[in-house]
Structures are given as structure tokens and as C-alpha cells.
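Below is one structure, written out as C-alpha cells, with a few remarks after it.
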Amino acid sequence: MRLLALMTDGFGRSGGIARYNQDLLAALSQSGAVAQVSVLPRFASAAPATAMMPALPAKVHQLAPSPGRAAWAVRALTLAARERFDALICGHLHALPLAAAIARLRQLPLWVQLHGIEAWQPPGRLGGLYRRSLAAAALVTSVSRYTRARVLAWSDLPPHRLRVLPNTVDARFVPAPRSPQPPELAGLAVRHGLEGRRILLTVGRLSAAERYKGHDRLIAALPAILAAVPAAAYLIVGDGDDRPRLERLARESGAGARVVFAGHVPDAELLRYVALADAFAMPSTGEGFGIALIEAAAAGVPVIGGSRDGSADALADGRIGRLVDPHDGAQIAAAVIDALGGRHPVADAARQARRFAFDRFASHVDALVRTLAH
Amino acid sequence: MCGINGILAYHYAANPIDRAELVRTRDHMAARGPDGAGEWIAGDGRVGFGHRRLAIIDLSAAAAQPMLGADGRLAVTFNGEIYNYRQLRNLLERRGHIFRTRSDTEVLLHLYAEKGEAMVHDLRGMFAFALWDCERRTLLLARDPYGIKPLYYADDGWTFRFASQVKALRAGGAVGADPEPAGQVGFCLFGSVPEPFTAYRETRALPAGTTLLVDRLGGGEPRRYHSVAQVWREAEDGAPARRGAAAARAMEEVRAALVDSVRHHLVADVSVGAFLSAGIDSGALVGLMRDAGRQDVETVTLAFGEFRGRPEDEAPLAEEVARLYGTRHTTRVVTREEFDADLPRILEAMDQPSIDGINTWFVAKAARELGLKVAVSGLGGDELFGGYPSFRDIPRWVRLLAAPARVPLLGRLARMAARPLVGAAGGNPKLAGMLELGGSWAGAYLLRRGLFMPWELARVLGPDVAAEGLRRLAPLRLVADALRPRPRSAHGKVAALETSLYMRNQLLRDTDWAGMAHGLEVRTPLADAVLLRKVAAAGAAAAGWRRDVPKAGLALSPSRPLPERVLLRAKTGFSTPIGQWLQRQGLPGNAGTAEASASRRRPSQAPHWSRQWAEWLAAV
């Protein structure tokens, strides 16, 4: 099969959706049913091979990006008209009406990939258009059961056409040796003034527009946590425009001295920050999946996540990490106290997290893409 | 018989299945299967079946379920009866299959090994089953052509769950209870929730006459293997019209088909009784049971104190029929007090909202009191032989209104103009929609069977639920789907509509929950795919039957025909005081139902209403 993939983020970009797209393209490239994938990204690294960017998988051909929406749409239409494809992949809900139009014009089976919060409600006044476009898809995949249920509630898609294709966990995330602490970890602790602390970690964007990841809820729980675990400290990895508000909240909580904002950490270094942590918490209400949760779990860190979104998938209903009601501060504090105190009620989490390994994802992608062939 | 359930963790990310959940769902169906309980979980913990047993064929422990094939490749959990299991078994034995039990369940295992999914075409009976193929790692679900036995499923994207009852799935704890607007709207339109929807978003009904395959990607699209409309259409396309003596033979063919169906429906290792009313269907069946060789038939009739000595009382005529056929007969009187006392249990047993089924509850209760495990019911006779007024009304409306209905917007305008007038006159709200809906078969059906009309739903359910539910349900399309492919004759069309909608979603479902609540298996020889094929063929062949397959044919089919009084009474209809009792009581937890039973226009309950309608039609 020759596939055309319309994606917002292609190779050379970072972030959750870009990572997912790269995994999906890599998996498609491994499928015996796929001859070629042409990727038309809106955003991607223009230079085909930078140091940041891994080599493109075999059979994957990435075209130059077109950040402008209209230009991108015109290029997609032209490409679909000029070349012969056997199926069309739409990598983001926002591109759905365009993709559905192309699929209809060219009589191509359409595969729509949905991520998280953007798909939980029909996009405003255009709900009818999106509903019809989605109903035209031969296959829709979502990252979690939660996103699937939300999409089924607003769309009229028959349930059998909406499958779950979870994120994958990077194979680099493996449990690090804890004692004695490797020297580079000790150095990292010293750098942030965290030596001797019981470290609670959150990794994620600090976005003022979103504010769903629960940093503020954890800061609010800190006094209770410190009362039970006096050595506790809260390490926040990630940056964004919500940081000033969170810093103010930390100061006002009286526990400001124990909150460390580490800012943005490049992917290559992230592993060490995770290895430094004694617990990882993200009591979010807006995760499509919550990849950070399984990365921490795969690295052997006790993980706490929210029970009201896609995090339940990442934590496999409690097999990989502890689920708490993100709106219940007392539950959050109790779970963190248990985790920092060595009483985390989840066993074997690192091995359980391996269920999200890339080879299983790739095998599933292979089975999914074959359904488009007939 | 029986209640079935299962869980399949099909997705690579899913947790192994939870035995406690499997057992919770299974044991919520304890009433369906009081004779035994079993469960099976595959060695890898990815799939498991549960079963509650009502033992009817092969009462031995060897026939217990879930049942595994001898080589361990196949596992099955099965609810129902395969009436031709002995013939199938003989065929399979000749092909080298070795059987370990005398059960019909085992036939399913061998037949699947022989034919795969295509096995369903060979089955005659009522069934819902799930079959796990360990080699292909696929789960096959199948449901009988009429939907006599129920099967519901929920697929959350990782794990597939199924059970005989919606409430049992919920009792497992992993299936949510968000209401399905299409189910709510469907209930208000039809009086029962139309499949594939249920009252809940996450739970779906496997449509009658379909199979569904679950593989590593999850539940697939239900695949239709039987369509009532198609049977009528093919019969009409295939038969040359016969006249004279050849046409007379059609009646003889119908009679032979009826005897054949009744004989098949008597297969059991326990005694089989019958519900007997004063109507043609049940009376003829009892006569045919005798013709099929049953000398010792136990019959039961429901009577109401309120009706004693009045024409509505069915007991005297039923007793006459019982005497005619020499049955052991019981007249069971139901009182208002008993109804009030049972109502909480009825609502508990009612798997999904319904405005019917209570009479079946009491007659099943009476049969069980007599020690019966199996009873034959005349359900299906009206759909097959055109016993409803809809067989007369719907074709007439379509004929009269097809032309005006083609004028754009005229129907809508007429409805909007007529609504206040009809409302002020205390008339039937359906009148206003006559011109809008009456011109198409689907629209006319909706008018005929409708409880509320689409434009009344905003008031009943609120504008948001009504709009969303109507969009998701698409009621006219749902009705029109029952006519695919479209039978040529009016009789074929109405028969397909009534069988695929009212009978399937209302009568059969109510019969299932109301019978199973008492551990009573109800068998319906008049709802049988083989009989349907033969009657459709005979009907299509006989000139003059194209518009009307005579119900009298059924009455005259026993070697000792039904008394003429039964035929005459059939025209006056039958009624119960349950509607009044319900109205007085109101249905707790079922908003709208009290109003529903008051405004419902069942042909049998309100013949005067159809007359009014006819008058109005004549004036158009």
C-alpha cells in the first residue's frame, strides 16, 4: 500500500503528538503491507537530517513542511490529485474536514488518528461537519479508552470503527540502579539543592491555557506531605507560561523552599531526572494518554496519576501506577506520602509498563493498516 | 434456557480478565439458570466464559457449560435450543466427529470446527452463543434469526464483554451507565429500546440474525446472515403464481410447515407445556402439539378478577379449547394485589425499559408454579399471518398519501398547522403527522406503532436529548432498514416491519426477561426461520395471498380445527387490566411510562381509535 499521511508535526519536532506520529510512521515502515508513506507535515524540521532528528524510517518520505494552513491544504490536494495512493492517514482532528474531502474525491479509505483533549468535544459550531467527516473514516484510532469513549459520545461513529492505539514507551526508560547512587545523579541532586531529599517529580508543560496537569494541586498538597515526610521536595521539570503562577502558589503555600523549578530539560537528560525521583505524580484531568506516567513507571519510579482521563490507560487501571481522584486533595497527599514512604501499593510496575513496548505497538499498527486494504 | 457471559482482553495493553467480575455478571443472571453455574478461563487469562444453566436437553453433568472441545481448541457458552441438533449430529458423525454428550451444545463445537462462522446457516432454533477459537484467537458471537435469545456486548477499546442481559453486564462493575440518547428516544418512539442501541451508551445489542467476530483489534461490525424482508422478497421473486387447485395446495403446505415447526419445538428431556389464551395462535399450537404426538399437554391461561363474567375474560373459551384437545388445564387468576406485590420484582427483572411484558411475567410465573420448565407460546402468529390492523392500515395510508407526501414541505406545514387543532380537540397527536409520515412505508409504520411522535420528544425528554437521540437513532432509516431488500407485496412489507421491529424489540425481549425471571423457557414455534420460508413461499405462490395470508389457515391447521367461536373472538381482540393497574400505580424510575401506557395506541386495546383514524383518512 502507498499511504499519504497528513500530519501537524512530523520528524524533527518534539512534543507528545510529534513523538506519537514518529512512532506511528516507524511502525508503518515496518509493516509488510506498506510500500511507501508520504508524509506532508505542517511543522517539521526543514533540513532533512539534523542532529536533532533521527534518520527517517525506511519507506517513509517526508515532504517539506507548510506551516500556513491554506498552503498546506493546497499542497495536500495537489499531492493527492497527482499521485496514486491507496489510503489516507489524517494525523490530527483539525485536519479532518480536509482529509475527508480528499478521501471522498480520491475514493481513498481514511484513517483518522485522535490524540487527547482536542477530540473530547466536537469542535464548536462545526460539530456537524466534523461528525460527518469522522463518520466517513474507515478507521479511527485514539490513544486511550477514555478518548475513545468521549469521541463515541459526540460523534455518530459505529463503535467498531474506533480502535485504541496507545502511545509507546521509549525503550531507554529502564530502572536505574538506586544504591549506591550513581555519581551523575548525585551531581544532579546537588545542582538543584536536593541532596538527602525524598523527591516528588512532575514532568510536563506549564501551560496557562491548559492548567490541567495538576502541578497546582500537588503544591497545595505539599504542607500535608511535608508534615508526614519532612524530607520531601517537589521537583518540577518543564516550562511554560504558567510558571509564574505556580511559583507564586509555591511561595504562598509556605513550602516554597521545597519546590524546585528545573525548567525545560532536553529528552536526552530527562532519564536522569526521572531516575532521581522517589515518586512521580501527575494528577491530571486532561491527558489523552499520559506518556510521562509510563515513562516514569518503566524507569522504576512509583507513579501516581488521575483517574478521570486517559491516565487510567497509561497506568492500566492501577497495575502500573496508583490512580487517585484528581479533585480530591486528601487522596493526592495520601498517595504521595505512601509513595515517598515506600508504601506504594503497586508491584512490578516497571515490567507491567513494558506492555506499551514499541514492538507490540508496531504489530498492532500492522494489523490495523491491513484492514484498510480491503 | 440459561444465561451466558464472557470477557475477552483482546488488546495487547489490556489487563488479564478478572474472575470476580466474570462471576458477578454471571450470577446476576441466576434466575435464568437455576440448575447450575460454571465458568472457564483460558490458561493465559485473556478470555473467560460464564454460564448459568437451566437444564432441558441432556440433563447430565457432562452437558454442563462452558463446554470445551475434546482437543481444547474451542470453547462455547450457549443460551437457547438447537431444534435440529439430532439431524446435525447425525451428519457430523458421518463426517467422523465423535460426540461425548447428548447435548445440542456439543453440536455447536463440532459444527464450528466443520464450517466456521457459516455454521449459523445450519442452525434451526433460538440461540445466542459465544465461541472462542483458541487457534485463530477469535471470538464468534451469534444470535438467532428472530432475536429470541438476547445478547449484549460492551467494547471499551481494550476489553470485550458480553452477557445475556444489560443489567448483568453492568453488575460486573466495568461497564458504565451513561444513558444513550438514541435508546431513550427509541423507547419513547416505540415503547421498547430498538437494537442495536440499549439504554446505555457503552452497551450494544447484537442484532438478531447477525454474527460478530472479535479479534486482536476488537469487536467487528455485526454481519447479517438472515433478514426477514429477504425471505419474503425471495419467496415472491421465486414463486410462479398458482391458481385453482395448485393454490389450494398452498394451504396444505402451510399446514405441513406448521406441524413440522411444532414437532421441532417439542424437542426436550423435560415436559413441555403451553400458554393458552382465547386466541387463534396459542389454540392452534396446542392442537398441533397433539397432532405432533403429544398426548399429555399442560396448558395455562391467565384470568383477571376484574373481567369475570365479561367478554374480555379469556378463561371460558380457553377452557373450551383445552377440553377440545384434552390438555391438563389451569386457569390462573391474577389480582390487583398480586400485581402490586410483584411490581418491584418485575421492574428489577425488566432488563431494559419496556411498556409491556407484564402479562408474560404472570403467565410464566403460573407455568413455573405448575412445575413446567418449558412452555410453548403463540407469539409470532400475528406477524406471520397478518393478524395486526397494521396489515390493513399501513398499505392503505401509503397508497393514499404517497402523492401528497412528495410535495416538498407540505407534510411539515400540515403538521404544524394541525397540531394546535388536534391538541385542542384532545385528538391523537399522530393525526398531525399523517401527511408528513404516512406516505412512506417507514413513516406509516412509525405512525402506526409510535408511542410518541418525533415532534413530541422535546417535551418528553428535553430538547437536547431529543435532538441528539433522534440524530443518532435516525428512526425512519432504522425502520426502512427492516425493508432491505424490499418485499414486493404489502403483506411481505408489513410482515417484515412487524417482525423486525415490534416483535423483535418488544415482544421477544419482554418474553425473554419475563420468562427467564421465573426460570421458564418460552418456545415460539411461529417464530421459526424454516416456517417463515415455507409460509412465505406458499403465500407468494397462492394468488390472492399476496395481500393477505389468512389467519384462518392457522386456525384450521390442527387435524381437529379450532372452534368457530375462537375465530370470531379473535376479531374483538384481547385485553388485560394491567394497563389500568399500571396507570394507577405509575412506574417508579421509568419517567414517562405512566403517560406512555395511557396514550399508547395498541391496535388490540383501542379498536375504536383505528376507526376514528379511518374516518379521518376517508375525509382527506
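Simple scheme: letters A, B, ... for chains in C-alpha cells order, numbers from 1 for residues in each chain, numbers from 1 for ligands in the order shown.
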Taking only C-alpha atoms into account, which residues of chain B are within 9 Å of chain A, as an MDAnalysis selection string?
chainID B and resid 11:15 155:158 180 201:202 216:222 468 471:472
Tell me, which residues of stretch 324-498 of chain B carry DSSP helix (DSSP H, G or I), written as an NGL selection string?
:B and (324-325 or 336-349 or 358-369 or 381-385 or 390-405 or 410-424 or 429-437 or 441-449 or 454-461 or 463-473 or 475-481 or 490-498)
Rounded to one decimal in Å, what is the spacing between atom CA of A:Pro326 and atom CA of A:Gly263?
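The value is 23.7 Å.
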As a PDB file with N, CA and C atoms, in the first residue's frame, please: the residues near B:Arg224 (cut-off 10 Å, only C-alpha atoms, same-chain neighbours under 3 positions excluded).
```pdb
ATOM      1  N   ALA B 142     -23.020 -15.077  18.041  1.00  0.00           N
ATOM      2  CA  ALA B 142     -24.095 -15.255  17.067  1.00  0.00           C
ATOM      3  C   ALA B 142     -25.438 -15.211  17.767  1.00  0.00           C
ATOM      4  N   ARG B 143     -26.419 -14.735  17.028  1.00  0.00           N
ATOM      5  CA  ARG B 143     -27.774 -14.632  17.577  1.00  0.00           C
ATOM      6  C   ARG B 143     -28.772 -15.126  16.539  1.00  0.00           C
ATOM      7  N   PRO B 145     -32.084 -15.908  14.096  1.00  0.00           N
ATOM      8  CA  PRO B 145     -32.642 -15.018  13.075  1.00  0.00           C
ATOM      9  C   PRO B 145     -33.701 -14.046  13.606  1.00  0.00           C
ATOM     10  N   PRO B 207     -27.530  -7.439  16.964  1.00  0.00           N
ATOM     11  CA  PRO B 207     -28.825  -7.539  16.280  1.00  0.00           C
ATOM     12  C   PRO B 207     -29.193  -8.993  15.960  1.00  0.00           C
ATOM     13  N   ALA B 208     -30.481  -9.247  15.954  1.00  0.00           N
ATOM     14  CA  ALA B 208     -30.973 -10.570  15.581  1.00  0.00           C
ATOM     15  C   ALA B 208     -30.474 -10.929  14.185  1.00  0.00           C
ATOM     16  N   GLY B 209     -30.168 -12.199  13.972  1.00  0.00           N
ATOM     17  CA  GLY B 209     -29.759 -12.636  12.643  1.00  0.00           C
ATOM     18  C   GLY B 209     -28.392 -12.138  12.223  1.00  0.00           C
ATOM     19  N   THR B 210     -27.544 -11.836  13.193  1.00  0.00           N
ATOM     20  CA  THR B 210     -26.185 -11.403  12.845  1.00  0.00           C
ATOM     21  C   THR B 210     -25.154 -12.202  13.635  1.00  0.00           C
ATOM     22  N   THR B 211     -23.927 -12.162  13.133  1.00  0.00           N
ATOM     23  CA  THR B 211     -22.780 -12.673  13.872  1.00  0.00           C
ATOM     24  C   THR B 211     -21.802 -11.532  14.055  1.00  0.00           C
ATOM     25  N   LEU B 212     -20.930 -11.694  15.020  1.00  0.00           N
ATOM     26  CA  LEU B 212     -19.921 -10.666  15.264  1.00  0.00           C
ATOM     27  C   LEU B 212     -18.624 -11.374  15.632  1.00  0.00           C
ATOM     28  N   GLU B 221     -17.815  -5.380  12.934  1.00  0.00           N
ATOM     29  CA  GLU B 221     -19.169  -4.958  12.619  1.00  0.00           C
ATOM     30  C   GLU B 221     -20.086  -6.180  12.610  1.00  0.00           C
ATOM     31  N   SER B 227     -32.349 -12.097   7.048  1.00  0.00           N
ATOM     32  CA  SER B 227     -33.220 -10.937   7.020  1.00  0.00           C
ATOM     33  C   SER B 227     -34.627 -11.403   6.682  1.00  0.00           C
TER      34      SER B 227
END
```
Write out as a PyMOL selection string which residues come within 12 Å of A:Ile89 when counting only C-alpha atoms, dropping same-chain ones fewer than 2 positions away.
chain A and resi 2-8+21+24-25+28+37-41+76+80+85-87+91-93+95-96+98-100+102-103+108-114+137-141+368-369+372
Please list as a PDB file with N, CA and C atoms, in the first residue's frame every residue within 7 Å of stretch 211-222 of chain A, counting only C-alpha atoms and excluding residues in the same chain fewer than 2 positions away.
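Ended up saving to selection25.pdb:
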```
ATOM      1  N   SER A 207       1.448  25.109  31.069  1.00  0.00           N
ATOM      2  CA  SER A 207       0.709  25.925  30.119  1.00  0.00           C
ATOM      3  C   SER A 207      -0.449  26.624  30.810  1.00  0.00           C
ATOM      4  N   ALA A 208      -0.452  27.967  30.704  1.00  0.00           N
ATOM      5  CA  ALA A 208      -1.520  28.742  31.341  1.00  0.00           C
ATOM      6  C   ALA A 208      -2.861  28.460  30.698  1.00  0.00           C
ATOM      7  N   ALA A 209      -2.836  28.100  29.408  1.00  0.00           N
ATOM      8  CA  ALA A 209      -4.098  27.847  28.715  1.00  0.00           C
ATOM      9  C   ALA A 209      -4.701  26.506  29.145  1.00  0.00           C
ATOM     10  N   ALA A 224       0.734  19.137  53.726  1.00  0.00           N
ATOM     11  CA  ALA A 224       0.336  17.854  54.332  1.00  0.00           C
ATOM     12  C   ALA A 224       1.417  16.802  54.096  1.00  0.00           C
ATOM     13  N   ILE A 225       2.022  16.835  52.902  1.00  0.00           N
ATOM     14  CA  ILE A 225       3.064  15.849  52.583  1.00  0.00           C
ATOM     15  C   ILE A 225       4.283  16.070  53.484  1.00  0.00           C
ATOM     16  N   LEU A 226       4.666  17.351  53.634  1.00  0.00           N
ATOM     17  CA  LEU A 226       5.847  17.663  54.452  1.00  0.00           C
ATOM     18  C   LEU A 226       5.626  17.305  55.920  1.00  0.00           C
ATOM     19  N   LEU A 246       2.561  29.291  39.187  1.00  0.00           N
ATOM     20  CA  LEU A 246       2.902  28.153  40.044  1.00  0.00           C
ATOM     21  C   LEU A 246       3.952  28.558  41.075  1.00  0.00           C
ATOM     22  N   ALA A 250       3.574  28.326  45.051  1.00  0.00           N
ATOM     23  CA  ALA A 250       4.553  27.629  45.890  1.00  0.00           C
ATOM     24  C   ALA A 250       4.950  28.519  47.072  1.00  0.00           C
ATOM     25  N   SER A 253       2.194  28.833  49.611  1.00  0.00           N
ATOM     26  CA  SER A 253       1.864  27.614  50.358  1.00  0.00           C
ATOM     27  C   SER A 253       2.722  27.485  51.606  1.00  0.00           C
ATOM     28  N   ALA A 255       5.594  26.291  51.512  1.00  0.00           N
ATOM     29  CA  ALA A 255       6.548  25.213  51.247  1.00  0.00           C
ATOM     30  C   ALA A 255       7.431  25.578  50.064  1.00  0.00           C
ATOM     31  N   MET A 282       1.273  13.079  38.678  1.00  0.00           N
ATOM     32  CA  MET A 282       0.647  13.987  37.718  1.00  0.00           C
ATOM     33  C   MET A 282      -0.868  13.747  37.792  1.00  0.00           C
ATOM     34  N   PRO A 283      -1.498  14.363  38.819  1.00  0.00           N
ATOM     35  CA  PRO A 283      -2.948  14.144  38.981  1.00  0.00           C
ATOM     36  C   PRO A 283      -3.723  15.000  37.991  1.00  0.00           C
ATOM     37  N   SER A 284      -3.618  14.628  36.736  1.00  0.00           N
ATOM     38  CA  SER A 284      -4.133  15.444  35.637  1.00  0.00           C
ATOM     39  C   SER A 284      -5.609  15.165  35.378  1.00  0.00           C
ATOM     40  N   THR A 285      -6.250  16.127  34.730  1.00  0.00           N
ATOM     41  CA  THR A 285      -7.633  15.911  34.300  1.00  0.00           C
ATOM     42  C   THR A 285      -7.755  15.992  32.783  1.00  0.00           C
ATOM     43  N   GLY A 286      -6.608  16.145  32.082  1.00  0.00           N
ATOM     44  CA  GLY A 286      -6.719  16.384  30.642  1.00  0.00           C
ATOM     45  C   GLY A 286      -5.782  15.559  29.786  1.00  0.00           C
ATOM     46  N   GLY A 329      -7.884  16.484  47.089  1.00  0.00           N
ATOM     47  CA  GLY A 329      -6.552  16.837  47.595  1.00  0.00           C
ATOM     48  C   GLY A 329      -6.044  15.852  48.635  1.00  0.00           C
ATOM     49  N   ALA A 333      -2.516  13.754  48.489  1.00  0.00           N
ATOM     50  CA  ALA A 333      -1.496  13.825  49.541  1.00  0.00           C
ATOM     51  C   ALA A 333      -1.212  12.435  50.096  1.00  0.00           C
TER      52      ALA A 333
END
```
Atom pair atom CA of B:Ala495 / atom CA of B:Arg477: separation (Å):
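Rounded to one decimal, the two atoms are 17.4 Å apart.
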A:Ile304 environment, 12 Å, only C-alpha atoms, sequence neighbours closer than 5 positions dropped, as a PyMOL selection string
chain A and resi 200-202+213-214+218+278-284+290+292-294+296-297+311-312+314-326+331-340+344-346+349
Written selection (C-alpha atoms) as a PDB file, in the first residue's frame:
```pdb
ATOM      1  CA  LEU A 200       8.475  14.049  44.134  1.00  0.00           C
ATOM      2  CA  LEU A 201       8.644  14.703  40.385  1.00  0.00           C
ATOM      3  CA  THR A 202       6.268  16.001  37.725  1.00  0.00           C
ATOM      4  CA  LYS A 213      -1.785  18.525  34.771  1.00  0.00           C
ATOM      5  CA  GLY A 214      -2.199  19.133  38.490  1.00  0.00           C
ATOM      6  CA  LEU A 218       0.363  18.969  44.199  1.00  0.00           C
ATOM      7  CA  ASP A 278      11.393   8.801  44.615  1.00  0.00           C
ATOM      8  CA  ALA A 279       7.886   9.297  43.304  1.00  0.00           C
ATOM      9  CA  PHE A 280       6.261  10.693  40.203  1.00  0.00           C
ATOM     10  CA  ALA A 281       2.863  12.357  40.326  1.00  0.00           C
ATOM     11  CA  MET A 282       0.647  13.987  37.718  1.00  0.00           C
ATOM     12  CA  PRO A 283      -2.948  14.144  38.981  1.00  0.00           C
ATOM     13  CA  SER A 284      -4.133  15.444  35.637  1.00  0.00           C
ATOM     14  CA  GLY A 290      -0.220  10.500  29.791  1.00  0.00           C
ATOM     15  CA  ALA A 292       5.107  10.755  31.132  1.00  0.00           C
ATOM     16  CA  LEU A 293       3.381   8.442  33.609  1.00  0.00           C
ATOM     17  CA  ILE A 294       4.523   5.221  31.948  1.00  0.00           C
ATOM     18  CA  ALA A 296       8.434   7.108  34.976  1.00  0.00           C
ATOM     19  CA  ALA A 297       6.902   3.735  35.780  1.00  0.00           C
ATOM     20  CA  SER A 311      -4.174   8.334  32.600  1.00  0.00           C
ATOM     21  CA  ALA A 312      -6.186   5.265  33.567  1.00  0.00           C
ATOM     22  CA  ALA A 314      -1.262   4.690  30.951  1.00  0.00           C
ATOM     23  CA  LEU A 315      -1.497   3.247  34.454  1.00  0.00           C
ATOM     24  CA  ALA A 316      -3.508   0.210  33.270  1.00  0.00           C
ATOM     25  CA  ASP A 317      -6.296   0.716  35.799  1.00  0.00           C
ATOM     26  CA  GLY A 318      -3.819   0.646  38.663  1.00  0.00           C
ATOM     27  CA  ARG A 319      -1.465  -2.121  37.560  1.00  0.00           C
ATOM     28  CA  ILE A 320       1.277   0.321  36.585  1.00  0.00           C
ATOM     29  CA  GLY A 321       0.612   3.158  38.984  1.00  0.00           C
ATOM     30  CA  ARG A 322      -1.803   4.399  41.583  1.00  0.00           C
ATOM     31  CA  LEU A 323      -4.936   6.201  40.370  1.00  0.00           C
ATOM     32  CA  VAL A 324      -6.344   9.000  42.511  1.00  0.00           C
ATOM     33  CA  ASP A 325      -9.263  11.335  42.074  1.00  0.00           C
ATOM     34  CA  PRO A 326      -7.516  14.497  40.856  1.00  0.00           C
ATOM     35  CA  GLN A 331      -6.289  11.450  48.255  1.00  0.00           C
ATOM     36  CA  ILE A 332      -3.417  13.046  46.353  1.00  0.00           C
ATOM     37  CA  ALA A 333      -1.496  13.825  49.541  1.00  0.00           C
ATOM     38  CA  ALA A 334      -2.066  10.344  50.953  1.00  0.00           C
ATOM     39  CA  ALA A 335      -0.868   8.663  47.771  1.00  0.00           C
ATOM     40  CA  VAL A 336       2.278  10.808  47.619  1.00  0.00           C
ATOM     41  CA  ILE A 337       3.019  10.187  51.317  1.00  0.00           C
ATOM     42  CA  ASP A 338       2.678   6.433  50.738  1.00  0.00           C
ATOM     43  CA  ALA A 339       4.943   6.538  47.689  1.00  0.00           C
ATOM     44  CA  LEU A 340       7.673   8.647  49.339  1.00  0.00           C
ATOM     45  CA  HIS A 344       3.312   2.385  47.171  1.00  0.00           C
ATOM     46  CA  PRO A 345       0.630  -0.286  46.606  1.00  0.00           C
ATOM     47  CA  VAL A 346       1.727  -1.251  43.079  1.00  0.00           C
ATOM     48  CA  ALA A 349       5.183  -1.703  37.674  1.00  0.00           C
TER      49      ALA A 349
END
```
Among stretch 20-152 of chain A, which ones does DSSP assign to strand (DSSP E or B) (computed from the backbone)? Answer as a PyMOL selection string.
chain A and resi 36-43+60-62+87-90+110-114+139-142
Atom CA of A:Glu118 to atom CA of A:Gly305, straight-line distance in Å:
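Computing the Euclidean distance for atom CA of A:Gly305 and atom CA of A:Glu118 yields 20.2 Å.
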Contacts of A:Ala35 at 8 Å or less, counting only C-alpha atoms, minus same-chain residues fewer than 2 places along, as a PyMOL selection string?
chain A and resi 1-2+29+32-33+37+59
